[in-house]
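A.B. asks: Provided herewith: model.cif, mmCIF, C-alpha atoms.
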data_run
#
loop_
_atom_site.label_atom_id
_atom_site.label_comp_id
_atom_site.auth_asym_id
_atom_site.auth_seq_id
_atom_site.Cartn_x
_atom_site.Cartn_y
_atom_site.Cartn_z
CA MET A 331 -67.31 -31.94 74.69
CA PRO A 332 -69.21 -35.14 73.77
CA SER A 333 -67.25 -37.89 72.08
CA LYS A 334 -68.19 -39.01 68.57
CA ASN A 335 -69.83 -42.24 69.72
CA ALA A 336 -71.50 -40.83 72.86
CA PRO A 337 -75.21 -41.58 73.33
CA GLU A 338 -77.66 -38.82 72.49
CA PHE A 339 -78.93 -38.49 76.06
CA TYR A 340 -77.54 -38.78 79.55
CA TRP A 341 -79.86 -39.90 82.37
CA SER A 342 -79.42 -38.21 85.75
CA GLU A 343 -80.75 -40.35 88.56
CA LYS A 344 -80.48 -37.44 90.94
CA ARG A 345 -82.55 -35.06 88.79
CA LYS A 346 -84.71 -37.79 87.27
CA SER A 347 -84.21 -36.07 83.92
CA TYR A 348 -82.51 -36.53 80.56
CA ARG A 349 -79.68 -34.24 79.49
CA LYS A 350 -78.71 -33.51 75.89
CA ARG A 351 -75.53 -31.52 75.19
CA PHE A 352 -75.34 -29.35 72.09
CA GLN A 353 -73.06 -26.69 70.58
CA GLY A 354 -74.39 -23.14 70.36
CA PRO A 355 -73.68 -20.47 67.74
CA ASP A 356 -70.93 -19.09 69.98
CA GLY A 357 -69.05 -22.41 69.69
CA ARG A 358 -69.65 -23.33 73.31
CA TRP A 359 -71.37 -26.46 74.61
CA HIS A 360 -74.68 -26.14 76.44
CA ASP A 361 -76.94 -28.54 78.35
CA ALA A 362 -80.68 -29.01 77.92
CA TRP A 363 -82.77 -31.00 80.41
CA GLY A 364 -86.14 -32.71 80.12
CA LYS A 365 -88.17 -35.31 81.97
CA THR A 366 -88.61 -37.25 78.73
CA LYS A 367 -86.51 -37.55 75.60
CA PRO A 368 -89.02 -35.60 73.44
CA ALA A 369 -89.15 -32.89 76.12
CA CYS A 370 -85.36 -32.75 76.16
CA ARG A 371 -85.21 -32.41 72.35
CA ALA A 372 -87.79 -29.63 72.50
CA LYS A 373 -85.72 -27.84 75.14
CA VAL A 374 -82.67 -28.06 72.86
CA GLU A 375 -84.55 -26.31 70.05
CA GLU A 376 -85.84 -23.64 72.43
CA LEU A 377 -82.37 -22.93 73.78
CA LYS A 378 -80.88 -22.83 70.28
CA ARG A 379 -83.40 -20.18 69.27
CA GLN A 380 -82.63 -18.12 72.39
CA LEU A 381 -78.90 -18.39 71.87
CA ALA A 382 -79.23 -17.44 68.21
CA ASP A 383 -81.27 -14.35 69.14
CA ASP A 384 -78.78 -13.28 71.84
CA TYR A 385 -75.61 -14.12 69.96
CA ARG A 386 -73.53 -11.34 68.51
CA PRO A 387 -70.46 -12.29 66.44
CA PRO A 388 -67.29 -10.84 67.97
CA SER A 389 -66.85 -8.62 64.94
CA GLU A 390 -70.25 -6.98 65.66
CA LEU A 391 -69.81 -6.33 69.39
CA THR A 392 -69.88 -2.64 70.27
CA VAL A 393 -67.69 -1.11 72.93
CA ALA A 394 -70.76 -0.36 75.06
CA GLU A 395 -71.94 -3.99 74.85
CA TYR A 396 -68.56 -5.42 75.75
CA ALA A 397 -67.99 -2.85 78.50
CA ALA A 398 -71.31 -3.86 80.09
CA SER A 399 -70.38 -7.56 80.06
CA TRP A 400 -66.87 -6.74 81.35
CA PHE A 401 -68.34 -4.70 84.21
CA ALA A 402 -70.73 -7.49 85.23
CA LEU A 403 -67.94 -10.07 85.23
CA HIS A 404 -64.92 -8.22 86.60
CA THR A 405 -66.25 -5.91 89.32
CA THR A 406 -68.08 -8.43 91.50
CA LYS A 407 -65.37 -8.51 94.20
CA MET A 408 -64.52 -4.81 94.15
CA LYS A 409 -65.45 -2.49 96.99
CA SER A 410 -68.68 -0.64 96.29
CA ASN A 411 -67.02 2.77 95.85
CA THR A 412 -64.44 1.31 93.44
CA LYS A 413 -67.16 -0.48 91.52
CA GLU A 414 -69.19 2.72 91.33
CA ARG A 415 -66.14 4.60 90.01
CA TYR A 416 -65.81 2.12 87.13
CA ARG A 417 -69.54 2.39 86.40
CA THR A 418 -69.31 6.17 86.31
CA ASN A 419 -66.26 6.22 84.04
CA ILE A 420 -67.91 3.82 81.61
CA ASN A 421 -71.30 5.56 81.56
CA ARG A 422 -70.10 9.19 81.56
CA HIS A 423 -66.94 9.06 79.50
CA ILE A 424 -66.22 5.82 77.64
CA ALA A 425 -69.69 4.90 76.36
CA PRO A 426 -70.68 8.42 75.18
CA ALA A 427 -67.40 8.80 73.26
CA ILE A 428 -66.82 5.36 71.70
CA GLY A 429 -69.66 3.14 72.96
CA ALA A 430 -71.41 2.92 69.58
CA MET A 431 -68.22 1.86 67.78
CA ARG A 432 -67.51 -1.79 67.04
CA LEU A 433 -64.91 -3.15 69.40
CA VAL A 434 -62.71 -4.27 66.50
CA ASP A 435 -62.77 -0.80 64.92
CA VAL A 436 -61.40 1.20 67.86
CA ARG A 437 -57.93 2.60 67.22
CA TYR A 438 -55.35 4.62 69.15
CA ASP A 439 -56.67 7.90 67.75
CA ASP A 440 -60.20 7.07 68.93
CA ILE A 441 -58.96 6.74 72.51
CA LYS A 442 -56.97 9.94 72.05
CA ALA A 443 -60.11 11.72 70.85
CA MET A 444 -62.01 10.39 73.87
CA MET A 445 -59.38 11.83 76.20
CA VAL A 446 -59.48 15.19 74.40
CA GLN A 447 -63.15 15.39 75.44
CA CYS A 448 -61.96 14.93 79.05
CA ASP A 449 -59.35 17.68 78.71
CA SER A 450 -60.87 19.88 81.43
CA LEU A 451 -60.85 17.08 84.01
CA SER A 452 -58.00 16.66 86.47
CA ARG A 453 -55.08 14.40 85.69
CA SER A 454 -56.22 12.02 88.43
CA THR A 455 -59.72 11.71 86.96
CA GLN A 456 -58.33 11.20 83.46
CA SER A 457 -56.06 8.48 84.80
CA LYS A 458 -59.05 6.63 86.28
CA ILE A 459 -60.91 6.81 82.94
CA LEU A 460 -57.87 5.43 81.12
CA THR A 461 -57.51 2.65 83.68
CA ALA A 462 -61.08 1.53 83.04
CA ALA A 463 -60.56 1.64 79.26
CA ARG A 464 -57.28 -0.29 79.48
CA LYS A 465 -58.88 -3.03 81.57
CA ILE A 466 -61.84 -3.37 79.18
CA PHE A 467 -59.73 -3.54 76.03
CA GLY A 468 -57.13 -5.68 77.80
CA ALA A 469 -59.80 -8.27 78.57
CA ALA A 470 -60.91 -8.13 74.93
CA VAL A 471 -57.33 -8.92 73.85
CA LYS A 472 -57.17 -11.89 76.25
CA ASN A 473 -60.46 -13.17 74.84
CA GLU A 474 -58.99 -12.85 71.33
CA LEU A 475 -61.75 -10.43 70.29
CA ILE A 476 -59.16 -7.84 69.23
CA LYS A 477 -55.43 -8.10 68.58
CA ASN A 478 -54.08 -5.02 70.36
CA ASN A 479 -55.07 -2.72 73.21
CA PRO A 480 -55.68 0.73 71.64
CA CYS A 481 -55.05 2.43 75.00
CA TYR A 482 -51.38 1.49 74.94
CA ASP A 483 -48.98 4.39 75.54
CA ILE A 484 -51.71 6.98 76.19
CA ALA A 485 -51.13 9.05 79.33
CA ALA A 486 -53.38 11.34 81.33
CA GLU A 487 -52.54 14.96 80.55
CA GLY A 488 -55.07 16.96 82.52
CA PRO A 489 -54.21 19.61 85.10
CA PRO A 490 -53.07 18.35 88.53
CA ALA A 491 -55.84 17.90 91.07
CA GLU A 492 -56.27 20.78 93.47
CA LYS A 493 -53.91 20.51 96.41
CA ARG A 494 -55.61 19.12 99.47
CA GLU A 495 -55.95 21.69 102.19
CA ALA A 496 -55.89 20.89 105.88
CA LEU A 497 -57.89 22.94 108.35
CA THR A 498 -55.94 25.60 110.20
CA LYS A 499 -55.85 25.61 114.00
CA ALA A 500 -58.40 28.43 114.02
CA GLN A 501 -60.69 26.57 111.64
CA GLN A 502 -60.46 23.43 113.75
CA GLU A 503 -61.53 25.40 116.82
CA GLU A 504 -64.41 27.03 114.94
CA LEU A 505 -65.61 23.66 113.60
CA LEU A 506 -65.48 22.04 117.04
CA ALA A 507 -67.44 24.95 118.50
CA ALA A 508 -70.03 24.63 115.71
CA VAL A 509 -70.68 20.91 116.34
CA ALA A 510 -70.40 20.96 120.14
CA GLY A 511 -73.40 19.19 121.64
CA THR A 512 -74.79 18.11 118.26
CA GLY A 513 -75.09 14.67 116.67
CA ALA A 514 -72.08 15.42 114.48
CA GLU A 515 -69.60 16.02 117.32
CA THR A 516 -68.51 12.41 117.80
CA PHE A 517 -68.03 11.82 114.07
CA VAL A 518 -66.00 15.01 113.63
CA LYS A 519 -63.72 14.17 116.55
CA LEU A 520 -63.16 10.59 115.35
CA CYS A 521 -61.96 11.86 111.98
CA LEU A 522 -60.08 14.89 113.29
CA TYR A 523 -58.33 13.23 116.25
CA ALA A 524 -57.97 9.64 114.96
CA GLY A 525 -57.76 10.19 111.19
CA LEU A 526 -60.57 7.75 110.42
CA ARG A 527 -62.03 7.56 106.96
CA ARG A 528 -65.79 8.12 106.77
CA GLY A 529 -66.49 4.41 106.35
CA GLU A 530 -64.17 3.54 109.24
CA ALA A 531 -65.86 6.00 111.59
CA LEU A 532 -69.31 4.66 110.68
CA GLY A 533 -68.02 1.08 111.03
CA LEU A 534 -66.50 1.63 114.49
CA PHE A 535 -68.20 -0.47 117.18
CA TRP A 536 -67.79 -0.16 120.92
CA ASP A 537 -66.02 -3.53 121.14
CA ALA A 538 -63.12 -1.85 119.30
CA VAL A 539 -62.92 1.15 121.67
CA HIS A 540 -60.67 0.73 124.72
CA LEU A 541 -61.10 3.62 127.13
CA ASP A 542 -59.25 2.21 130.16
CA GLY A 543 -55.59 1.57 130.85
CA GLU A 544 -52.52 3.76 130.58
CA ALA A 545 -52.90 4.29 126.82
CA PRO A 546 -56.58 4.29 125.70
CA TYR A 547 -56.97 3.43 122.03
CA LEU A 548 -59.40 2.33 119.33
CA SER A 549 -58.95 -0.54 116.88
CA VAL A 550 -59.75 0.07 113.23
CA LYS A 551 -60.93 -3.31 111.96
CA ARG A 552 -64.23 -2.63 110.19
CA PHE A 553 -65.62 -0.19 107.66
CA VAL A 554 -69.00 0.59 106.14
CA GLU A 555 -69.83 0.42 102.43
CA PHE A 556 -73.01 1.79 100.87
CA ASP A 557 -74.80 -0.07 98.08
CA ASN A 558 -76.54 1.60 95.14
CA LYS A 559 -79.60 2.23 97.33
CA GLY A 560 -77.55 3.79 100.11
CA GLN A 561 -77.93 0.88 102.51
CA ALA A 562 -74.94 0.18 104.75
CA ALA A 563 -72.96 -3.06 104.88
CA VAL A 564 -70.31 -3.54 107.57
CA ARG A 565 -67.12 -5.16 106.25
CA ASP A 566 -64.11 -6.53 108.11
CA TYR A 567 -60.58 -5.55 107.18
CA GLY A 568 -58.32 -8.54 106.53
CA LYS A 569 -55.53 -9.08 109.06
CA SER A 570 -52.92 -8.32 106.42
CA GLU A 571 -54.52 -5.04 105.30
CA ALA A 572 -52.65 -1.86 106.23
CA ALA A 573 -55.93 -0.14 107.12
CA MET A 574 -56.23 -2.41 110.17
CA ARG A 575 -54.53 -0.48 112.98
CA GLU A 576 -54.68 0.68 116.60
CA ILE A 577 -54.85 4.42 117.24
CA PRO A 578 -54.14 6.15 120.59
CA LEU A 579 -56.90 8.47 121.80
CA PRO A 580 -55.88 12.09 122.47
CA PRO A 581 -57.73 13.78 125.38
CA PRO A 582 -60.42 15.63 123.36
CA LEU A 583 -61.51 12.39 121.66
CA LEU A 584 -61.14 10.29 124.81
CA ASP A 585 -63.38 12.67 126.76
CA ARG A 586 -66.01 12.63 124.03
CA LEU A 587 -66.08 8.83 123.77
CA ARG A 588 -66.39 8.48 127.54
CA ALA A 589 -69.29 10.93 127.49
CA VAL A 590 -71.26 8.95 124.87
CA GLN A 591 -70.07 5.44 125.80
CA GLN A 592 -72.43 2.53 125.16
CA GLU A 593 -72.08 -1.16 126.01
CA SER A 594 -72.26 -2.35 122.41
CA GLY A 595 -73.28 -1.48 118.86
CA PRO A 596 -71.89 1.20 116.54
CA VAL A 597 -70.37 4.35 117.99
CA ILE A 598 -72.01 6.48 115.27
CA ARG A 599 -75.60 5.27 115.10
CA ASN A 600 -78.99 6.20 113.70
CA THR A 601 -82.09 6.84 115.80
CA SER A 602 -82.68 3.08 116.03
CA GLY A 603 -79.19 2.46 117.38
CA GLU A 604 -78.01 0.82 114.16
CA VAL A 605 -75.33 1.56 111.56
CA MET A 606 -76.19 4.66 109.56
CA SER A 607 -77.41 4.47 105.97
CA LYS A 608 -76.11 6.93 103.41
CA GLN A 609 -79.22 9.08 103.88
CA SER A 610 -78.81 9.08 107.67
CA PHE A 611 -75.21 10.18 107.32
CA ARG A 612 -76.20 13.00 104.98
CA LYS A 613 -78.60 14.27 107.65
CA LEU A 614 -75.80 14.13 110.19
CA TRP A 615 -73.44 16.05 107.91
CA ASP A 616 -76.20 18.59 107.20
CA ILE A 617 -75.64 19.76 110.80
CA ILE A 618 -72.30 21.16 109.61
CA LYS A 619 -73.55 22.37 106.23
CA ALA A 620 -76.39 24.28 107.91
CA ARG A 621 -73.87 26.15 110.08
CA THR A 622 -71.67 27.04 107.08
CA VAL A 623 -72.22 30.26 105.10
CA HIS A 624 -74.78 29.59 102.36
CA GLU A 625 -77.45 31.29 100.34
CA ALA A 626 -80.94 31.56 101.84
CA THR A 627 -84.18 33.49 101.46
CA VAL A 628 -84.47 36.28 104.04
CA ARG A 629 -86.94 39.09 104.61
CA GLU A 630 -85.50 42.60 104.48
CA ASP A 631 -87.51 45.84 104.37
CA GLY A 632 -90.67 43.79 104.01
CA LYS A 633 -89.37 41.92 100.94
CA LYS A 634 -88.05 38.42 100.45
CA ILE A 635 -84.61 38.28 98.87
CA ARG A 636 -81.92 35.64 98.28
CA ARG A 637 -78.48 36.36 99.67
CA MET A 638 -75.54 34.75 101.44
CA LEU A 639 -75.94 34.42 105.16
CA ARG A 640 -73.05 35.72 107.23
CA VAL A 641 -71.31 34.32 110.29
CA GLY A 642 -73.36 35.19 113.37
CA GLU A 643 -76.72 35.31 111.55
CA LYS A 644 -79.50 32.86 112.27
CA ILE A 645 -81.09 30.78 109.55
CA PRO A 646 -84.61 32.13 109.00
CA GLN A 647 -87.24 30.11 110.90
CA HIS A 648 -84.55 27.89 112.45
CA ASN A 649 -82.70 28.16 115.73
CA VAL A 650 -79.35 27.63 114.01
CA THR A 651 -76.56 30.20 113.83
CA ILE A 652 -74.05 30.44 110.99
CA MET A 653 -70.63 29.76 112.54
CA LEU A 654 -68.33 28.70 109.69
CA ASP A 655 -67.08 30.81 106.78
CA PHE A 656 -65.23 27.87 105.17
CA HIS A 657 -66.45 24.59 103.72
CA VAL A 658 -65.34 21.27 105.14
CA THR A 659 -65.65 17.64 104.01
CA PRO A 660 -65.17 14.41 105.98
CA HIS A 661 -61.91 13.73 104.18
CA MET A 662 -60.55 17.16 105.13
CA LEU A 663 -60.77 16.07 108.78
CA ARG A 664 -58.63 12.99 108.12
CA HIS A 665 -56.25 15.06 105.98
CA THR A 666 -55.90 17.52 108.85
CA TYR A 667 -55.07 14.67 111.28
CA VAL A 668 -52.25 13.37 109.09
CA SER A 669 -50.96 16.88 108.39
CA GLU A 670 -50.81 17.69 112.11
CA LEU A 671 -48.80 14.51 112.76
CA ILE A 672 -46.28 15.44 110.09
CA LEU A 673 -45.99 19.07 111.22
CA ALA A 674 -45.33 17.76 114.75
CA GLY A 675 -42.30 15.89 113.38
CA VAL A 676 -43.72 12.36 113.71
CA ASN A 677 -41.67 9.73 111.88
CA VAL A 678 -43.09 8.99 108.42
CA LYS A 679 -43.41 5.24 109.14
CA THR A 680 -45.49 6.02 112.22
CA VAL A 681 -47.65 8.41 110.18
CA GLN A 682 -48.10 5.70 107.56
CA TYR A 683 -49.31 3.24 110.20
CA LEU A 684 -51.68 5.65 111.93
CA ALA A 685 -53.12 6.79 108.59
CA GLY A 686 -53.61 3.20 107.39
CA HIS A 687 -51.66 3.77 104.19
CA ALA A 688 -50.46 0.67 102.35
CA SER A 689 -46.90 2.04 102.13
CA ALA A 690 -44.78 4.94 103.31
CA GLN A 691 -44.48 5.99 99.66
CA ILE A 692 -48.21 6.79 99.59
CA THR A 693 -47.76 9.00 102.64
CA LEU A 694 -44.75 10.69 101.08
CA ASN A 695 -46.53 11.26 97.75
CA ILE A 696 -49.39 13.10 99.46
CA TYR A 697 -47.58 14.95 102.24
CA THR A 698 -44.05 15.58 101.01
CA HIS A 699 -44.82 19.30 100.61
CA LEU A 700 -45.36 19.53 104.37
CA MET A 701 -42.16 17.69 105.19
CA GLU A 702 -39.99 19.69 102.80
CA ASN A 703 -41.29 23.18 103.49
CA ARG A 704 -40.46 23.47 107.17
CA PRO A 705 -37.28 25.49 107.93
CA GLN A 706 -36.05 22.79 110.32
CA ASP A 707 -36.25 20.24 107.49
CA ASN A 708 -34.14 22.35 105.12
CA VAL A 709 -31.64 24.00 107.44
CA ALA A 710 -29.04 21.22 107.25
CA ALA A 711 -29.00 21.26 103.43
CA VAL A 712 -28.75 25.06 103.28
CA LEU A 713 -25.93 25.21 105.83
CA ALA A 714 -24.07 22.41 104.04
CA ALA A 715 -24.24 24.40 100.80
CA PHE A 716 -23.40 27.86 102.13
CA GLY A 717 -21.56 27.23 105.38
CA GLY A 718 -22.50 27.71 108.99
CA HIS A 719 -23.67 25.55 111.86
CA PRO A 720 -27.07 24.79 113.38
CA SER A 721 -27.68 27.07 116.32
CA GLY A 722 -29.01 24.46 118.67
CA SER A 723 -29.78 20.85 119.37
CA ALA A 724 -33.47 21.43 118.72
CA VAL A 725 -32.75 21.86 115.00
CA GLU A 726 -30.61 18.75 114.95
CA ASN A 727 -33.33 16.73 116.66
CA SER A 728 -36.06 17.93 114.31
CA VAL A 729 -33.97 17.05 111.25
CA GLU A 730 -33.18 13.64 112.65
CA ASN A 731 -36.86 12.90 113.32
CA VAL A 732 -37.78 13.35 109.68
#
Could you render the structure from this file as structure tokens?

C.D. replies:
Amino acid sequence: MPSKNAPEFYWSEKRKSYRKRFQGPDGRWHDAWGKTKPACRAKVEELKRQLADDYRPPSELTVAEYAASWFALHTTKMKSNTKERYRTNINRHIAPAIGAMRLVDVRYDDIKAMMVQCDSLSRSTQSKILTAARKIFGAAVKNELIKNNPCYDIAAEGPPAEKREALTKAQQEELLAAVAGTGAETFVKLCLYAGLRRGEALGLFWDAVHLDGEAPYLSVKRFVEFDNKGQAAVRDYGKSEAAMREIPLPPPLLDRLRAVQQESGPVIRNTSGEVMSKQSFRKLWDIIKARTVHEATVREDGKKIRRMLRVGEKIPQHNVTIMLDFHVTPHMLRHTYVSELILAGVNVKTVQYLAGHASAQITLNIYTHLMENRPQDNVAAVLAAFGGHPSGSAVENSVENV
């Protein structure tokens, strides 16, 4: 802020220009530059006009306007999928419901009404929408644009998200048979036998795969993010991040990696030997989707009809056989990996590490139903309540492991 007796202009030897500082309609100080004093004064007037045209008094700001500025300022360092989630929640839920309202006019009941419109969404999705709204209005409070956050004390009330289902042993065998010898086999085995997230599998390079020694393993230290255009960017995990881990290779995965081993570059690669884009990955995953029961046009009795293809049928005009009567996603493969570890009685802290969860509580929150529903997990409590003794040391060992 210029002092009362400061000269009108400041001369910058480095820029060979004059600078004049002035206060805009928003109360902030701005700089105008010009090669001459008249040019600098003219620039001041030009900037004042621009600022006056762009300026909106805080009392006139709409929720949509402030949400857009909040998004541009506060999501720059977020991961692309997190950033996209905020964009989606703002554009699909917050802006349509209250975007046209003035920021200062939004009340508790307006947020309540917004959430009523989201009533059919899962509790988890509602929680994410509320989180975005709380952050936006919280920033407005800190900037003294509003006095109180209208999202205070509002909770997500939607139905619980559908329980995640792991693949059964039979389904795992059918999936592996379906992808055998295809471009999707390595990806499926990395997720199914090492529990990698999609981005971690696509970000795995051969320098992180150790196939020799007594205990072959892979190091999870990178992941892939896709930008809005679907282009891939390889990121490094920080040394302190829980996702950075070393995972032993079970025989089916070890054999596959030895069969496709390369000297360098990504393990999962496009036709040019580079990291896959989002579109390239979709084509890879289409190998599985094509082999899953789906509707297609077939010719029967001389007529073309639409119907569901059945397991064992070939896709018309393609040398591809339907082999799967269940749908699968990349995350289901990882979920199956973690579930199998837990059902095998692996200690929860070990499961947490291998899964790359930030805490054991996250592992427990997701997989407690598996730990609590096994007879060997509950036998001690039942016998303590009703009398009796475990029949063998195997029960005692399994209880102790959990």

A.B. asks: Taking a cut-off of 7 Å and counting all atoms listed in the file, can you build a table that, for each residue of range 647-698 of chain A near range 511-522 of chain A, reports the nearest atom pair and how far apart they are in Å (one decimal), sorted by chain then residue number, as CSV?

C.D. replies:
residue,atom,partner,partner_atom,distance
A:Leu663,CA,A:Leu522,CA,4.7
A:Arg664,CA,A:Cys521,CA,5.2
A:Thr666,CA,A:Leu522,CA,6.6
A:Tyr667,CA,A:Leu522,CA,5.4

A.B. asks: Write the residues of the preceding selection, restricted to C-alpha atoms, as a PDB file, in the frame of the given file.

C.D. replies:
ATOM      1  CA  LEU A 663     -60.770  16.070 108.780  1.00  0.00           C
ATOM      2  CA  ARG A 664     -58.630  12.990 108.120  1.00  0.00           C
ATOM      3  CA  THR A 666     -55.900  17.520 108.850  1.00  0.00           C
ATOM      4  CA  TYR A 667     -55.070  14.670 111.280  1.00  0.00           C
TER       5      TYR A 667
END

A.B. asks: Using only C-alpha atoms, find the one residue out of A:Ala573, A:Val436, A:Ala524, A:Leu451 that sits nearest to Gln682 in chain A.

C.D. replies: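 Result for the nearest residue to Gln682 in chain A: A:Ala573.
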
A.B. asks: Quick one: apply the PyMOL selection byres ((chain A and resi 477-492) around 10) to the file and drop the selected residues here as JSON, numbers by chain.

C.D. replies: {"A": [434, 435, 436, 437, 438, 439, 440, 441, 442, 445, 446, 448, 449, 450, 451, 452, 453, 454, 455, 456, 457, 458, 459, 460, 461, 463, 464, 465, 466, 467, 468, 469, 470, 471, 472, 473, 474, 475, 476, 493, 494, 495]}

A.B. asks: On this file, the PyMOL selection byres ((chain A and resi 359-363) around 10) gives some set of residues; write that set as a VMD selection string.

C.D. replies: chain A and resid 331 to 332 339 to 342 345 to 358 364 to 367 369 to 378 381

A.B. asks: For those residues, write C-alpha atoms to a file as a CSV table (one decimal), in the coordinates of the input.

C.D. replies:
chain,number,residue,atom,x,y,z
A,331,MET,CA,-67.3,-31.9,74.7
A,332,PRO,CA,-69.2,-35.1,73.8
A,339,PHE,CA,-78.9,-38.5,76.1
A,340,TYR,CA,-77.5,-38.8,79.6
A,341,TRP,CA,-79.9,-39.9,82.4
A,342,SER,CA,-79.4,-38.2,85.8
A,345,ARG,CA,-82.6,-35.1,88.8
A,346,LYS,CA,-84.7,-37.8,87.3
A,347,SER,CA,-84.2,-36.1,83.9
A,348,TYR,CA,-82.5,-36.5,80.6
A,349,ARG,CA,-79.7,-34.2,79.5
A,350,LYS,CA,-78.7,-33.5,75.9
A,351,ARG,CA,-75.5,-31.5,75.2
A,352,PHE,CA,-75.3,-29.4,72.1
A,353,GLN,CA,-73.1,-26.7,70.6
A,354,GLY,CA,-74.4,-23.1,70.4
A,355,PRO,CA,-73.7,-20.5,67.7
A,356,ASP,CA,-70.9,-19.1,70.0
A,357,GLY,CA,-69.0,-22.4,69.7
A,358,ARG,CA,-69.6,-23.3,73.3
A,364,GLY,CA,-86.1,-32.7,80.1
A,365,LYS,CA,-88.2,-35.3,82.0
A,366,THR,CA,-88.6,-37.2,78.7
A,367,LYS,CA,-86.5,-37.6,75.6
A,369,ALA,CA,-89.2,-32.9,76.1
A,370,CYS,CA,-85.4,-32.8,76.2
A,371,ARG,CA,-85.2,-32.4,72.4
A,372,ALA,CA,-87.8,-29.6,72.5
A,373,LYS,CA,-85.7,-27.8,75.1
A,374,VAL,CA,-82.7,-28.1,72.9
A,375,GLU,CA,-84.6,-26.3,70.0
A,376,GLU,CA,-85.8,-23.6,72.4
A,377,LEU,CA,-82.4,-22.9,73.8
A,378,LYS,CA,-80.9,-22.8,70.3
A,381,LEU,CA,-78.9,-18.4,71.9

A.B. asks: Write out as a list in words each polymer residue whose atoms come within 8 Å of range 563-566 of chain A, counting all atoms listed in the file; drop sequence neighbours fewer than 2 positions from it.

C.D. replies: Gly533, Lys551, Arg552, Phe553, Val554, Glu555, Phe556, Asp557, Gln561 and Gly568 of chain A

A.B. asks: CA of Ala545 in chain A to CA of Leu684 in chain A: how many Å, to one decimal?

C.D. replies: 15.0 Å

A.B. asks: Convert the output of the PyMOL selection byres ((chain A and resi 588) around 12) on the shown file into explicit residues, formatted as a PyMOL selection string.

C.D. replies: chain A and resi 516+536+539-542+546+579+581-587+589-593+597

A.B. asks: For the residues in the current selection, export C-alpha atoms as a PDB file, in the frame of the given file.

C.D. replies:
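Contents of the output file selection_11.pdb:
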ATOM      1  CA  THR A 516     -68.510  12.410 117.800  1.00  0.00           C
ATOM      2  CA  TRP A 536     -67.790  -0.160 120.920  1.00  0.00           C
ATOM      3  CA  VAL A 539     -62.920   1.150 121.670  1.00  0.00           C
ATOM      4  CA  HIS A 540     -60.670   0.730 124.720  1.00  0.00           C
ATOM      5  CA  LEU A 541     -61.100   3.620 127.130  1.00  0.00           C
ATOM      6  CA  ASP A 542     -59.250   2.210 130.160  1.00  0.00           C
ATOM      7  CA  PRO A 546     -56.580   4.290 125.700  1.00  0.00           C
ATOM      8  CA  LEU A 579     -56.900   8.470 121.800  1.00  0.00           C
ATOM      9  CA  PRO A 581     -57.730  13.780 125.380  1.00  0.00           C
ATOM     10  CA  PRO A 582     -60.420  15.630 123.360  1.00  0.00           C
ATOM     11  CA  LEU A 583     -61.510  12.390 121.660  1.00  0.00           C
ATOM     12  CA  LEU A 584     -61.140  10.290 124.810  1.00  0.00           C
ATOM     13  CA  ASP A 585     -63.380  12.670 126.760  1.00  0.00           C
ATOM     14  CA  ARG A 586     -66.010  12.630 124.030  1.00  0.00           C
ATOM     15  CA  LEU A 587     -66.080   8.830 123.770  1.00  0.00           C
ATOM     16  CA  ALA A 589     -69.290  10.930 127.490  1.00  0.00           C
ATOM     17  CA  VAL A 590     -71.260   8.950 124.870  1.00  0.00           C
ATOM     18  CA  GLN A 591     -70.070   5.440 125.800  1.00  0.00           C
ATOM     19  CA  GLN A 592     -72.430   2.530 125.160  1.00  0.00           C
ATOM     20  CA  GLU A 593     -72.080  -1.160 126.010  1.00  0.00           C
ATOM     21  CA  VAL A 597     -70.370   4.350 117.990  1.00  0.00           C
TER      22      VAL A 597
END

A.B. asks: Between A:Met574, A:Ala710, A:Val641, A:Val393, which has the minimum distance to Met653 in chain A (counting only C-alpha atoms)?

C.D. replies: A:Val641

A.B. asks: So how many Å separate CA of Ala572 in chain A and CA of Glu530 in chain A, to one decimal?

C.D. replies: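 Going from CA of Ala572 in chain A over to CA of Glu530 in chain A covers 13.1 Å.
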
A.B. asks: Using only C-alpha atoms, give me every residue within 9 Å of (-43.7, 10.4, 108.4) in file coordinates, as a count of residues only.

C.D. replies: 17

A.B. asks: Using Å and a single decimal, report how far CA of Leu526 in chain A sits from CA of Pro580 in chain A.

C.D. replies: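 We find that CA of Pro580 in chain A and CA of Leu526 in chain A lie 13.6 Å from each other.
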
A.B. asks: Tell me which of A:Val605, A:Lys644, A:Asn558, A:Ile420 sits closest to Ser399 in chain A, counting all atoms listed in the file.

C.D. replies: A:Ile420

A.B. asks: Once you count all atoms listed in the file, what closest atom pair and distance in Å to one decimal does each residue of range 606-650 of chain A within 10 Å of range 504-510 of chain A have, with rows by chain and rising residue number, as a tab-separated table?

C.D. replies:
residue	atom	partner	partner_atom	distance
A:Ile617	CA	A:Val509	CA	7.5
A:Ile618	CA	A:Val509	CA	6.9
A:Arg621	CA	A:Ala508	CA	7.0
A:Thr622	CA	A:Ala508	CA	9.1
A:Val650	CA	A:Ala508	CA	9.9

A.B. asks: Which is closest to Glu625 in chain A among A:Ala711, A:Met606, A:Ile652, A:Leu497, if we use all atoms listed in the file?

C.D. replies: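 Result for the nearest residue to Glu625 in chain A: A:Ile652.
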
A.B. asks: May I ask which of the residues A:Val709, A:Ala715, A:Val658, A:Ala397 is the closest one to Thr498 in chain A, counting only C-alpha atoms?

C.D. replies: A:Val658

A.B. asks: Tell me which of A:Val550, A:Ile635, A:Glu630, A:His657 sits closest to Arg527 in chain A, counting only C-alpha atoms.

C.D. replies: A:Val550
